[in-house]
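Have a look at the structure below before the remarks.
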Amino acid sequence: MTTSLEKAPTGPAPTHDGRRIGPLVYIGGGIVVLVAIVGVISFFWTPYDPGFTDTSLAKAGPGVGGHLLGTDRLGRDIASLLMAGARTTLYVGIVAVGIAALVGTPLGILAAMVPRRWSEFLMRGTDIMLAFPALLLALMFAAIWGGGITTSMLAIGIASIPSFIRVVRAGALVVLAQDYIPAARVAGRRPFAIAWTHVLPNVLGLVIVQASVSYAIAILAEAGLSYLGFGAGLTTASWGLMLQESQVTLGTDPLITVWPAAAIALAVVGFNLLGDGLRDRFDPRLAGR
Amino acid sequence: MLRRLGIRTLVLLASVLVASIIDFLVMAVVPGSPAQVTLGIGATPDAVAELEQQMGLNRALPVQYLDWIGGVVRGDFGNSYSSRQPISADLLDRFSVTLWLVLGGMILSLLIAIPLGVIAAVRHRKLSGILISGVSQVGVAIPAFLAGLLLVSFFALRWGWFPPNGYVVPADDPVQFVRHLALPWIALGVVQGAVLTRYVRSAVLDEMGQDYLRTARSKGLRPLQALMRHGLRNAAVPVLTVLGVQLVTLMIGAVVIERVFTIPGIGSMLTDAVANRDLITVQGIVFVLVVFALLVSFLVDVLYLAIDPRLRTR
């Protein structure tokens, strides 16, 4: 399945001249910033305490009793839960994507610079790792250590490493085919220096694109895991957990399910749009289109 | 051609071997021992030691691995730690349920994505094409299990058109089988169909710019005719990759969808085993799912050879 990536080194030079940032970046970036701001605000202020239960006012509709989006079946304020859930989403995503980028980027550059048989070995390794997607790896970890935010983040992060390796390697191959690379070699620069000063800065754009895409995947994986009961603990606010708890009232009060569902979808759209928009700007294979 | 096929088969076998070792090792690093996990924290050291003896856990790791993989090759996945029953029979039943679920969703997504993707590409400057692209973007954002929850809420619980959950074996009652799987199929099919529509559209758009299609049109074929007769085979190559990835995604995603609809497939078997800390069952199910993923990627590569004659000569 790697055929399309193998063509990379013969592509056009990675010039970004004349390629502007499109509207997708602003829309997607706006959504991402909104989620981030809401998550940060939730540390200092939420309309109600997200853990406060008021059974006398359970399953209230939007606006009833001062609850902007209503309350869930335990009488907790949905708007406050959503705000605190944004925090969990951001936290899980940052750690998971951070792990993947920090491990995957150097490995991807390495795969582009080492002799062919070593890179072949490394790429076969990523093929096998791709057979262990985030959800599956997280369930394996949950079986061993029990569920929880930490095991989820770790599993999602490890499972996202292969896509970083692939994307970075493809980008690095394009950079390494440039004329200034042999020039730098002739000038006596060591491979590590070439990787650090020439390759890394030129693939950073691709890393950011991949981070955005992986972030969307991490949000979905966290929501799925929390929904299954292997993610966030019962005392942590999480959109996936809200979905799970709302399933009891699905027949009578579907709105309680719609809110966290909409929050998840919005955050995923935001990161996907941001990734798509940035790819138009940064991917050397799309240059000149 | 045969040489390529042979090499690819060897790669598949080696990948399965490595994956099985990863699967085994990850499950073997459990703190304490599986016997401890099975008996709970309050168990006496003697009881743990006795159970370890029974489970064969006091042997060296390579011996344990060879014993396990040797059984798997013969179709014996061992006995569950929690129920003490053989895993294999259950595994096969559950896998077939999930296969019905996933294949149904897959077929539906193809029925949606191919016509819509082609129309969106052919009419990409007209309103209908732009509309299809826009709607598919929304579908991409909604994971199947969210769609499933909302479908259950309205079509099952509110209007009662379909049963909200459960599963009926097709041989017992085909009509009830379809009624029970209709909502999960729609949830999977519409969401995956939306994703696939975008790939079909861009693959067809890529082909439409090619010289050979201009030639075909200059002999008098209409745009859609030229595309149907010459372009689709070429556009199928990138779409096939996505299809393979999607099939694997659906299989893993079944874990969540099966919880939404309480379908007794391999996904719910996995979540039950994880909740029970039934490590040997988890190990077996993970192996089956990983082999499935590797097999799909193998089949996609083989299908490339069938579709694209240029690859055969290299």
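By convention here, the chains of the structure tokens are called A, B, ... in the order presented, each chain's residues are numbered starting at 1, and ligands are numbered starting at 1 in the order presented.
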At a cut-off of 8 Å, which residues of chain B touch chain A? Count only C-alpha atoms and give the answer as JSON, numbers by chain. {"B": [15, 18, 19, 26, 27, 30, 31, 138, 140, 141, 142, 143, 146, 149, 150, 153, 154, 157, 158, 241, 252, 253, 256, 259, 271, 273, 274, 275, 276, 277, 278, 279, 282, 283, 286, 290, 291, 293, 294, 297, 300, 301]}
Write out as a list of chain:residue names each polymer residue whose atoms come within 7 Å of A:Gly231, counting only C-alpha atoms; drop sequence neighbours fewer than 3 positions from it. A:Gly147, A:Gly148, A:Ile149, A:Ser152, A:Glu222, A:Leu225, A:Ser226
Need to verify the contact set: stretch 182-185 of chain A, 12 Å, only C-alpha atoms, exclusion of same-chain residues closer than 4 positions in sequence. Can you return it as a list in words?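 These residues fall inside the cut-off: Val175, Leu176, Ala177, Gln178, Arg189, Arg190, Pro191, Phe192, Ala193, Ile194, Ala195, Thr197, His198 and Val199 of chain A.
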Residues within 9 Å of A:Thr150, only C-alpha atoms, excluding chain neighbours under 3 positions, as a VMD selection string: chain A and resid 92 147 153 to 155 231 to 232
